[in-house]
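Novice: This is input10.cif (mmCIF, N, CA and C atoms).
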data_target
#
loop_
_atom_site.label_atom_id
_atom_site.label_comp_id
_atom_site.auth_asym_id
_atom_site.auth_seq_id
_atom_site.Cartn_x
_atom_site.Cartn_y
_atom_site.Cartn_z
N MET A 1 96.28 94.09 97.46
CA MET A 1 97.73 94.13 97.45
C MET A 1 98.27 92.83 96.84
N LYS A 2 99.24 92.98 95.95
CA LYS A 2 99.83 91.82 95.29
C LYS A 2 100.72 91.03 96.25
N PRO A 3 100.71 89.71 96.10
CA PRO A 3 101.66 88.91 96.88
C PRO A 3 103.07 89.04 96.27
N TYR A 4 104.04 88.55 97.01
CA TYR A 4 105.42 88.54 96.55
C TYR A 4 105.89 87.10 96.41
N VAL A 5 106.72 86.84 95.42
CA VAL A 5 107.35 85.54 95.24
C VAL A 5 108.84 85.73 95.47
N MET A 6 109.39 84.93 96.37
CA MET A 6 110.81 85.01 96.70
C MET A 6 111.63 84.16 95.73
N ASP A 7 112.57 84.80 95.09
CA ASP A 7 113.59 84.09 94.33
C ASP A 7 114.64 83.61 95.34
N ALA A 8 115.36 82.58 95.00
CA ALA A 8 116.36 82.04 95.93
C ALA A 8 117.37 83.10 96.36
N CYS A 9 117.81 83.94 95.43
CA CYS A 9 118.85 84.91 95.80
C CYS A 9 118.35 85.91 96.84
N ALA A 10 117.05 86.16 96.90
CA ALA A 10 116.51 87.06 97.92
C ALA A 10 116.67 86.46 99.31
N LEU A 11 116.33 85.18 99.46
CA LEU A 11 116.49 84.56 100.78
C LEU A 11 117.96 84.29 101.12
N ILE A 12 118.77 84.03 100.11
CA ILE A 12 120.20 83.88 100.37
C ILE A 12 120.76 85.19 100.93
N ALA A 13 120.37 86.30 100.33
CA ALA A 13 120.80 87.62 100.84
C ALA A 13 120.31 87.83 102.26
N PHE A 14 119.07 87.44 102.53
CA PHE A 14 118.48 87.60 103.86
C PHE A 14 119.26 86.80 104.90
N PHE A 15 119.49 85.53 104.63
CA PHE A 15 120.15 84.67 105.61
C PHE A 15 121.63 85.00 105.80
N ASN A 16 122.26 85.54 104.75
CA ASN A 16 123.69 85.89 104.84
C ASN A 16 123.92 87.35 105.20
N ASP A 17 122.84 88.06 105.47
CA ASP A 17 122.91 89.48 105.81
C ASP A 17 123.69 90.27 104.76
N GLU A 18 123.40 89.97 103.51
CA GLU A 18 124.04 90.66 102.39
C GLU A 18 123.27 91.93 102.07
N GLU A 19 123.81 92.71 101.14
CA GLU A 19 123.11 93.90 100.67
C GLU A 19 121.71 93.49 100.20
N GLY A 20 120.70 94.23 100.62
CA GLY A 20 119.32 93.93 100.27
C GLY A 20 118.58 93.12 101.31
N ALA A 21 119.29 92.57 102.31
CA ALA A 21 118.65 91.75 103.35
C ALA A 21 117.58 92.54 104.08
N ASP A 22 117.82 93.82 104.30
CA ASP A 22 116.84 94.66 104.99
C ASP A 22 115.55 94.79 104.19
N LYS A 23 115.67 94.86 102.87
CA LYS A 23 114.49 94.96 102.01
C LYS A 23 113.69 93.66 102.07
N VAL A 24 114.38 92.54 102.05
CA VAL A 24 113.71 91.24 102.14
C VAL A 24 113.00 91.13 103.49
N GLU A 25 113.65 91.54 104.55
CA GLU A 25 113.05 91.49 105.89
C GLU A 25 111.77 92.31 105.95
N THR A 26 111.78 93.48 105.35
CA THR A 26 110.59 94.34 105.33
C THR A 26 109.46 93.66 104.57
N ILE A 27 109.77 93.10 103.42
CA ILE A 27 108.74 92.41 102.63
C ILE A 27 108.18 91.23 103.41
N LEU A 28 109.04 90.45 104.03
CA LEU A 28 108.58 89.29 104.79
C LEU A 28 107.66 89.68 105.93
N SER A 29 107.89 90.82 106.52
CA SER A 29 107.10 91.19 107.70
C SER A 29 105.79 91.88 107.38
N HIS A 30 105.59 92.28 106.14
CA HIS A 30 104.39 93.06 105.83
C HIS A 30 103.57 92.55 104.65
N ASN A 31 103.88 91.41 104.11
CA ASN A 31 103.23 90.98 102.88
C ASN A 31 103.02 89.48 102.85
N LEU A 32 102.12 89.06 101.93
CA LEU A 32 101.95 87.64 101.64
C LEU A 32 103.11 87.23 100.74
N CYS A 33 103.87 86.24 101.15
CA CYS A 33 105.03 85.79 100.40
C CYS A 33 104.89 84.32 100.03
N LEU A 34 105.27 84.02 98.80
CA LEU A 34 105.21 82.66 98.27
C LEU A 34 106.61 82.27 97.80
N MET A 35 106.85 80.97 97.77
CA MET A 35 108.13 80.48 97.25
C MET A 35 107.97 79.04 96.83
N SER A 36 108.45 78.74 95.65
CA SER A 36 108.42 77.37 95.16
C SER A 36 109.39 76.51 95.94
N VAL A 37 109.04 75.26 96.15
CA VAL A 37 109.92 74.32 96.84
C VAL A 37 111.24 74.17 96.07
N VAL A 38 111.21 74.36 94.77
CA VAL A 38 112.43 74.29 93.97
C VAL A 38 113.38 75.42 94.35
N ASN A 39 112.83 76.62 94.57
CA ASN A 39 113.66 77.75 94.98
C ASN A 39 114.12 77.60 96.43
N VAL A 40 113.31 76.98 97.27
CA VAL A 40 113.75 76.66 98.64
C VAL A 40 114.94 75.72 98.57
N TYR A 41 114.85 74.73 97.71
CA TYR A 41 115.97 73.80 97.51
C TYR A 41 117.24 74.56 97.13
N GLU A 42 117.11 75.55 96.23
CA GLU A 42 118.28 76.34 95.82
C GLU A 42 118.96 77.02 97.00
N VAL A 43 118.16 77.58 97.90
CA VAL A 43 118.70 78.26 99.08
C VAL A 43 119.45 77.25 99.96
N CYS A 44 118.83 76.10 100.18
CA CYS A 44 119.46 75.06 101.02
C CYS A 44 120.72 74.52 100.36
N TYR A 45 120.69 74.33 99.07
CA TYR A 45 121.86 73.85 98.33
C TYR A 45 123.01 74.85 98.43
N ASP A 46 122.69 76.14 98.29
CA ASP A 46 123.72 77.18 98.39
C ASP A 46 124.40 77.13 99.76
N ALA A 47 123.60 76.97 100.81
CA ALA A 47 124.16 76.88 102.16
C ALA A 47 125.00 75.62 102.33
N ALA A 48 124.54 74.52 101.75
CA ALA A 48 125.27 73.25 101.85
C ALA A 48 126.62 73.34 101.15
N LYS A 49 126.67 74.03 100.02
CA LYS A 49 127.93 74.19 99.29
C LYS A 49 128.97 74.93 100.12
N THR A 50 128.53 75.95 100.81
CA THR A 50 129.48 76.79 101.54
C THR A 50 129.72 76.35 102.98
N SER A 51 128.71 75.74 103.60
CA SER A 51 128.81 75.44 105.04
C SER A 51 128.64 73.97 105.39
N GLY A 52 128.33 73.14 104.42
CA GLY A 52 128.14 71.72 104.67
C GLY A 52 126.69 71.30 104.58
N VAL A 53 126.50 70.03 104.31
CA VAL A 53 125.16 69.48 104.10
C VAL A 53 124.28 69.68 105.32
N LYS A 54 124.81 69.46 106.50
CA LYS A 54 124.01 69.62 107.72
C LYS A 54 123.44 71.04 107.83
N GLU A 55 124.25 72.03 107.53
CA GLU A 55 123.79 73.43 107.56
C GLU A 55 122.72 73.67 106.50
N GLY A 56 122.93 73.12 105.32
CA GLY A 56 121.96 73.29 104.24
C GLY A 56 120.61 72.71 104.59
N ILE A 57 120.63 71.51 105.16
CA ILE A 57 119.37 70.87 105.56
C ILE A 57 118.74 71.62 106.73
N GLY A 58 119.56 72.08 107.65
CA GLY A 58 119.04 72.85 108.79
C GLY A 58 118.39 74.15 108.36
N LEU A 59 118.89 74.73 107.28
CA LEU A 59 118.31 75.98 106.79
C LEU A 59 116.85 75.79 106.35
N TYR A 60 116.52 74.60 105.91
CA TYR A 60 115.13 74.32 105.52
C TYR A 60 114.19 74.61 106.68
N GLU A 61 114.56 74.21 107.88
CA GLU A 61 113.71 74.48 109.05
C GLU A 61 113.61 75.98 109.32
N ASP A 62 114.70 76.71 109.11
CA ASP A 62 114.66 78.16 109.28
C ASP A 62 113.70 78.80 108.27
N ILE A 63 113.74 78.32 107.04
CA ILE A 63 112.84 78.85 106.01
C ILE A 63 111.39 78.55 106.38
N ARG A 64 111.14 77.36 106.90
CA ARG A 64 109.77 76.99 107.29
C ARG A 64 109.22 77.90 108.39
N GLN A 65 110.11 78.52 109.18
CA GLN A 65 109.67 79.42 110.26
C GLN A 65 109.34 80.82 109.74
N LEU A 66 109.74 81.11 108.52
CA LEU A 66 109.46 82.43 107.95
C LEU A 66 108.00 82.52 107.51
N PRO A 67 107.48 83.73 107.40
CA PRO A 67 106.11 83.90 106.90
C PRO A 67 106.07 83.78 105.37
N VAL A 68 106.46 82.61 104.90
CA VAL A 68 106.48 82.32 103.47
C VAL A 68 105.68 81.05 103.23
N THR A 69 104.75 81.11 102.31
CA THR A 69 104.01 79.92 101.92
C THR A 69 104.85 79.17 100.90
N ILE A 70 105.28 77.96 101.25
CA ILE A 70 106.08 77.16 100.33
C ILE A 70 105.12 76.38 99.43
N ILE A 71 105.27 76.61 98.14
CA ILE A 71 104.42 75.93 97.16
C ILE A 71 105.10 74.60 96.83
N ARG A 72 104.50 73.54 97.33
CA ARG A 72 105.09 72.21 97.16
C ARG A 72 104.55 71.49 95.92
N LYS A 73 103.38 71.87 95.48
CA LYS A 73 102.77 71.25 94.31
C LYS A 73 102.73 72.29 93.19
N ILE A 74 103.39 71.95 92.11
CA ILE A 74 103.44 72.87 90.98
C ILE A 74 102.45 72.36 89.94
N GLY A 75 101.37 73.09 89.80
CA GLY A 75 100.29 72.66 88.92
C GLY A 75 100.52 73.01 87.46
N LYS A 76 99.53 72.66 86.66
CA LYS A 76 99.61 72.82 85.21
C LYS A 76 99.85 74.26 84.80
N ASN A 77 99.20 75.22 85.44
CA ASN A 77 99.36 76.62 85.04
C ASN A 77 100.78 77.12 85.30
N VAL A 78 101.34 76.75 86.44
CA VAL A 78 102.73 77.16 86.73
C VAL A 78 103.67 76.48 85.74
N ILE A 79 103.46 75.20 85.47
CA ILE A 79 104.29 74.48 84.50
C ILE A 79 104.22 75.16 83.14
N LYS A 80 103.03 75.50 82.71
CA LYS A 80 102.85 76.16 81.41
C LYS A 80 103.66 77.46 81.34
N GLU A 81 103.55 78.26 82.37
CA GLU A 81 104.28 79.54 82.38
C GLU A 81 105.79 79.30 82.48
N ALA A 82 106.20 78.36 83.32
CA ALA A 82 107.63 78.08 83.48
C ALA A 82 108.24 77.58 82.17
N VAL A 83 107.53 76.71 81.48
CA VAL A 83 108.02 76.22 80.19
C VAL A 83 108.15 77.38 79.20
N TYR A 84 107.17 78.27 79.18
CA TYR A 84 107.24 79.45 78.31
C TYR A 84 108.53 80.23 78.57
N PHE A 85 108.82 80.52 79.84
CA PHE A 85 110.01 81.30 80.17
C PHE A 85 111.30 80.55 79.86
N LYS A 86 111.32 79.26 80.12
CA LYS A 86 112.53 78.47 79.86
C LYS A 86 112.82 78.38 78.37
N VAL A 87 111.77 78.23 77.56
CA VAL A 87 111.95 78.12 76.11
C VAL A 87 112.36 79.46 75.50
N ASN A 88 111.80 80.55 76.01
CA ASN A 88 112.01 81.86 75.38
C ASN A 88 113.18 82.67 75.93
N TYR A 89 113.72 82.27 77.07
CA TYR A 89 114.83 83.01 77.68
C TYR A 89 115.86 82.01 78.19
N LYS A 90 117.09 82.43 78.24
CA LYS A 90 118.17 81.55 78.72
C LYS A 90 118.27 81.67 80.23
N ILE A 91 117.38 80.96 80.93
CA ILE A 91 117.34 81.01 82.39
C ILE A 91 117.30 79.58 82.94
N SER A 92 117.57 79.48 84.22
CA SER A 92 117.56 78.17 84.87
C SER A 92 116.13 77.66 85.04
N VAL A 93 116.01 76.38 85.26
CA VAL A 93 114.70 75.79 85.53
C VAL A 93 114.09 76.42 86.78
N ALA A 94 114.90 76.58 87.84
CA ALA A 94 114.38 77.16 89.08
C ALA A 94 113.87 78.58 88.86
N ASP A 95 114.60 79.38 88.09
CA ASP A 95 114.14 80.75 87.82
C ASP A 95 112.88 80.75 86.97
N SER A 96 112.78 79.82 86.03
CA SER A 96 111.56 79.76 85.22
C SER A 96 110.36 79.37 86.08
N ILE A 97 110.56 78.53 87.07
CA ILE A 97 109.48 78.16 87.98
C ILE A 97 109.09 79.34 88.85
N ALA A 98 110.08 80.09 89.36
CA ALA A 98 109.77 81.29 90.15
C ALA A 98 108.93 82.27 89.33
N LEU A 99 109.29 82.46 88.07
CA LEU A 99 108.50 83.33 87.19
C LEU A 99 107.10 82.76 86.96
N GLY A 100 107.01 81.45 86.79
CA GLY A 100 105.70 80.82 86.61
C GLY A 100 104.81 81.02 87.82
N VAL A 101 105.37 80.88 89.02
CA VAL A 101 104.61 81.12 90.25
C VAL A 101 104.19 82.58 90.32
N ALA A 102 105.11 83.49 89.98
CA ALA A 102 104.78 84.92 90.03
C ALA A 102 103.67 85.27 89.05
N ARG A 103 103.80 84.81 87.82
CA ARG A 103 102.78 85.16 86.82
C ARG A 103 101.43 84.54 87.18
N THR A 104 101.42 83.29 87.58
CA THR A 104 100.18 82.60 87.91
C THR A 104 99.46 83.25 89.09
N ASN A 105 100.21 83.79 90.03
CA ASN A 105 99.63 84.40 91.23
C ASN A 105 99.55 85.92 91.15
N HIS A 106 99.84 86.48 89.96
CA HIS A 106 99.82 87.94 89.77
C HIS A 106 100.65 88.61 90.87
N ALA A 107 101.85 88.07 91.06
CA ALA A 107 102.71 88.47 92.18
C ALA A 107 103.94 89.22 91.68
N ILE A 108 104.63 89.81 92.62
CA ILE A 108 105.87 90.55 92.38
C ILE A 108 107.04 89.62 92.72
N LEU A 109 107.98 89.47 91.79
CA LEU A 109 109.14 88.62 92.04
C LEU A 109 110.22 89.42 92.75
N VAL A 110 110.64 88.94 93.91
CA VAL A 110 111.69 89.59 94.71
C VAL A 110 113.01 88.91 94.35
N THR A 111 113.96 89.70 93.85
CA THR A 111 115.20 89.13 93.35
C THR A 111 116.33 90.14 93.34
N ALA A 112 117.52 89.65 93.15
CA ALA A 112 118.69 90.49 92.91
C ALA A 112 119.38 90.03 91.63
N ASP A 113 118.78 89.10 90.95
CA ASP A 113 119.41 88.40 89.83
C ASP A 113 119.19 89.13 88.51
N HIS A 114 119.88 90.25 88.34
CA HIS A 114 119.74 91.03 87.10
C HIS A 114 120.18 90.23 85.88
N HIS A 115 121.20 89.41 86.05
CA HIS A 115 121.71 88.61 84.93
C HIS A 115 120.60 87.76 84.30
N GLU A 116 119.78 87.17 85.14
CA GLU A 116 118.71 86.30 84.64
C GLU A 116 117.46 87.07 84.21
N PHE A 117 117.14 88.16 84.91
CA PHE A 117 115.81 88.74 84.76
C PHE A 117 115.71 90.10 84.07
N ASP A 118 116.82 90.80 83.84
CA ASP A 118 116.71 92.13 83.22
C ASP A 118 116.02 92.08 81.86
N GLU A 119 116.42 91.14 81.03
CA GLU A 119 115.83 91.00 79.70
C GLU A 119 114.33 90.69 79.81
N ILE A 120 113.98 89.85 80.74
CA ILE A 120 112.57 89.46 80.91
C ILE A 120 111.75 90.64 81.41
N GLU A 121 112.30 91.42 82.33
CA GLU A 121 111.58 92.59 82.84
C GLU A 121 111.25 93.56 81.70
N LYS A 122 112.17 93.73 80.76
CA LYS A 122 111.95 94.64 79.63
C LYS A 122 110.91 94.09 78.66
N ALA A 123 110.95 92.78 78.43
CA ALA A 123 110.09 92.16 77.42
C ALA A 123 108.70 91.80 77.92
N GLU A 124 108.58 91.47 79.18
CA GLU A 124 107.31 90.98 79.74
C GLU A 124 106.72 92.05 80.65
N GLU A 125 106.06 93.03 80.07
CA GLU A 125 105.62 94.21 80.80
C GLU A 125 104.64 93.92 81.93
N GLU A 126 103.90 92.84 81.84
CA GLU A 126 102.91 92.56 82.88
C GLU A 126 103.53 91.96 84.14
N LEU A 127 104.79 91.56 84.07
CA LEU A 127 105.48 91.03 85.25
C LEU A 127 106.07 92.18 86.07
N ASP A 128 105.98 92.05 87.39
CA ASP A 128 106.55 93.05 88.28
C ASP A 128 107.73 92.44 89.03
N PHE A 129 108.79 93.21 89.12
CA PHE A 129 110.00 92.79 89.83
C PHE A 129 110.28 93.78 90.95
N TYR A 130 110.77 93.25 92.07
CA TYR A 130 111.24 94.08 93.17
C TYR A 130 112.71 93.74 93.33
N TRP A 131 113.56 94.70 93.00
CA TRP A 131 115.00 94.49 93.04
C TRP A 131 115.53 94.85 94.42
N ILE A 132 116.19 93.89 95.06
CA ILE A 132 116.72 94.17 96.40
C ILE A 132 118.08 94.85 96.33
N ARG A 133 118.70 94.85 95.17
CA ARG A 133 119.95 95.59 94.93
C ARG A 133 120.17 95.76 93.45
#
Just give me the structure of the file as structure tokens.

Specialist:
Amino acid sequence: MKPYVMDACALIAFFNDEEGADKVETILSHNLCLMSVVNVYEVCYDAAKTSGVKEGIGLYEDIRQLPVTIIRKIGKNVIKEAVYFKVNYKISVADSIALGVARTNHAILVTADHHEFDEIEKAEEELDFYWIR
């Protein structure tokens, strides 16, 4: 069974009980899940923007309690893949790293970010996406 890589928007939906939160909850409870520390930062930053820095930092502890392996060291292979995606598509650094983690680990990227990833899903057939909405 393939692992899953959480994009920031997937965990933001989960924590805010937005559309797709139930799908994220199911994935978290039944699968191996990975997430780059850069994408964890995005989730915490999003919370800090809306609820204050203390809430954003506190969310980090909540994420650590989830069954998600946080990838803190981004090695050469992930960097290589992330650079490829950043150069070839107009996406953020964090999204390129999420894709690099997904490709390197032969994983499925969990996301709701059609704006960033629709073009990539069409062009990069070996990548798998799980759309939460």

Novice: For the provided coordinates, the residues matched by the PyMOL selection byres ((chain A and resi 69) around 7) should be stated as number ranges by chain.

Specialist: A: 32-36, 66-68, 70-72

Novice: Create the file for the chosen residues now, containing N, CA and C atoms and written as a CSV table (one decimal), keeping the file's coordinate frame.

Specialist:
chain,number,residue,atom,x,y,z
A,32,LEU,N,102.1,89.1,101.9
A,32,LEU,CA,102.0,87.6,101.6
A,32,LEU,C,103.1,87.2,100.7
A,33,CYS,N,103.9,86.2,101.2
A,33,CYS,CA,105.0,85.8,100.4
A,33,CYS,C,104.9,84.3,100.0
A,34,LEU,N,105.3,84.0,98.8
A,34,LEU,CA,105.2,82.7,98.3
A,34,LEU,C,106.6,82.3,97.8
A,35,MET,N,106.8,81.0,97.8
A,35,MET,CA,108.1,80.5,97.2
A,35,MET,C,108.0,79.0,96.8
A,36,SER,N,108.4,78.7,95.6
A,36,SER,CA,108.4,77.4,95.2
A,36,SER,C,109.4,76.5,95.9
A,66,LEU,N,109.7,81.1,108.5
A,66,LEU,CA,109.5,82.4,108.0
A,66,LEU,C,108.0,82.5,107.5
A,67,PRO,N,107.5,83.7,107.4
A,67,PRO,CA,106.1,83.9,106.9
A,67,PRO,C,106.1,83.8,105.4
A,68,VAL,N,106.5,82.6,104.9
A,68,VAL,CA,106.5,82.3,103.5
A,68,VAL,C,105.7,81.0,103.2
A,70,ILE,N,105.3,78.0,101.2
A,70,ILE,CA,106.1,77.2,100.3
A,70,ILE,C,105.1,76.4,99.4
A,71,ILE,N,105.3,76.6,98.1
A,71,ILE,CA,104.4,75.9,97.2
A,71,ILE,C,105.1,74.6,96.8
A,72,ARG,N,104.5,73.5,97.3
A,72,ARG,CA,105.1,72.2,97.2
A,72,ARG,C,104.6,71.5,95.9

Novice: For a test of reading the model, state the distance in Å between atom N of Gly52 in chain A and atom N of Ser96 in chain A, rounded to one decimal.

Specialist: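 Taking atom N of Gly52 in chain A as the start and atom N of Ser96 in chain A as the end point, the length is 25.0 Å.
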
Novice: Mind giving me the straight-line distance from CA of Lys73 in chain A to atom N of Pro3 in chain A in Å, one decimal?

Specialist: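 Value for the CA of Lys73 in chain A-atom N of Pro3 in chain A distance: 18.7 Å.
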
Novice: Tell me which residues the PyMOL selection byres ((chain A and resi 6-14) around 7) grabs here, as a count of residues only.

Specialist: 27

Novice: Which residue is closest to Trp131 in chain A? Choose from A:Asn105, A:Arg64, A:Lys23, A:Lys49 and count all atoms listed in the file.

Specialist: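 Using all atoms listed in the file, Trp131 in chain A sits closest to A:Lys23.
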
Novice: Can you tell me, as a ChimeraX atom specification, which residues in range 50-130 of chain A count as alpha helix (DSSP H) by DSSP?

Specialist: /A:50-51,53-65,76-88,93-104,114-123

Novice: Report the distance between atom N of Val87 in chain A and atom N of Gly100 in chain A in Å, rounded to one decimal place.

Specialist: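 Separation between atom N of Val87 in chain A and atom N of Gly100 in chain A: 10.9 Å.
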
Novice: Evaluate the PyMOL selection byres (((chain A and resi 83 and name CA) around 12) and name CA) on the structure here and hand back the selected residues as a list in words.

Specialist: Lys76, Asn77, Val78, Ile79, Lys80, Glu81, Ala82, Tyr84, Phe85, Lys86, Val87, Asn88, Tyr89, Lys90, Ile91, Ser92, Val93, Ala94, Asp95, Ser96, Ile97, Ala98, Leu99, Gly100 and Val101 of chain A

Novice: DSSP on the backbone: what in chain A comes out strand (DSSP E or B), as a VMD selection string?

Specialist: chain A and resid 4 to 6 33 to 36 68 to 71 108 to 111 128 to 131
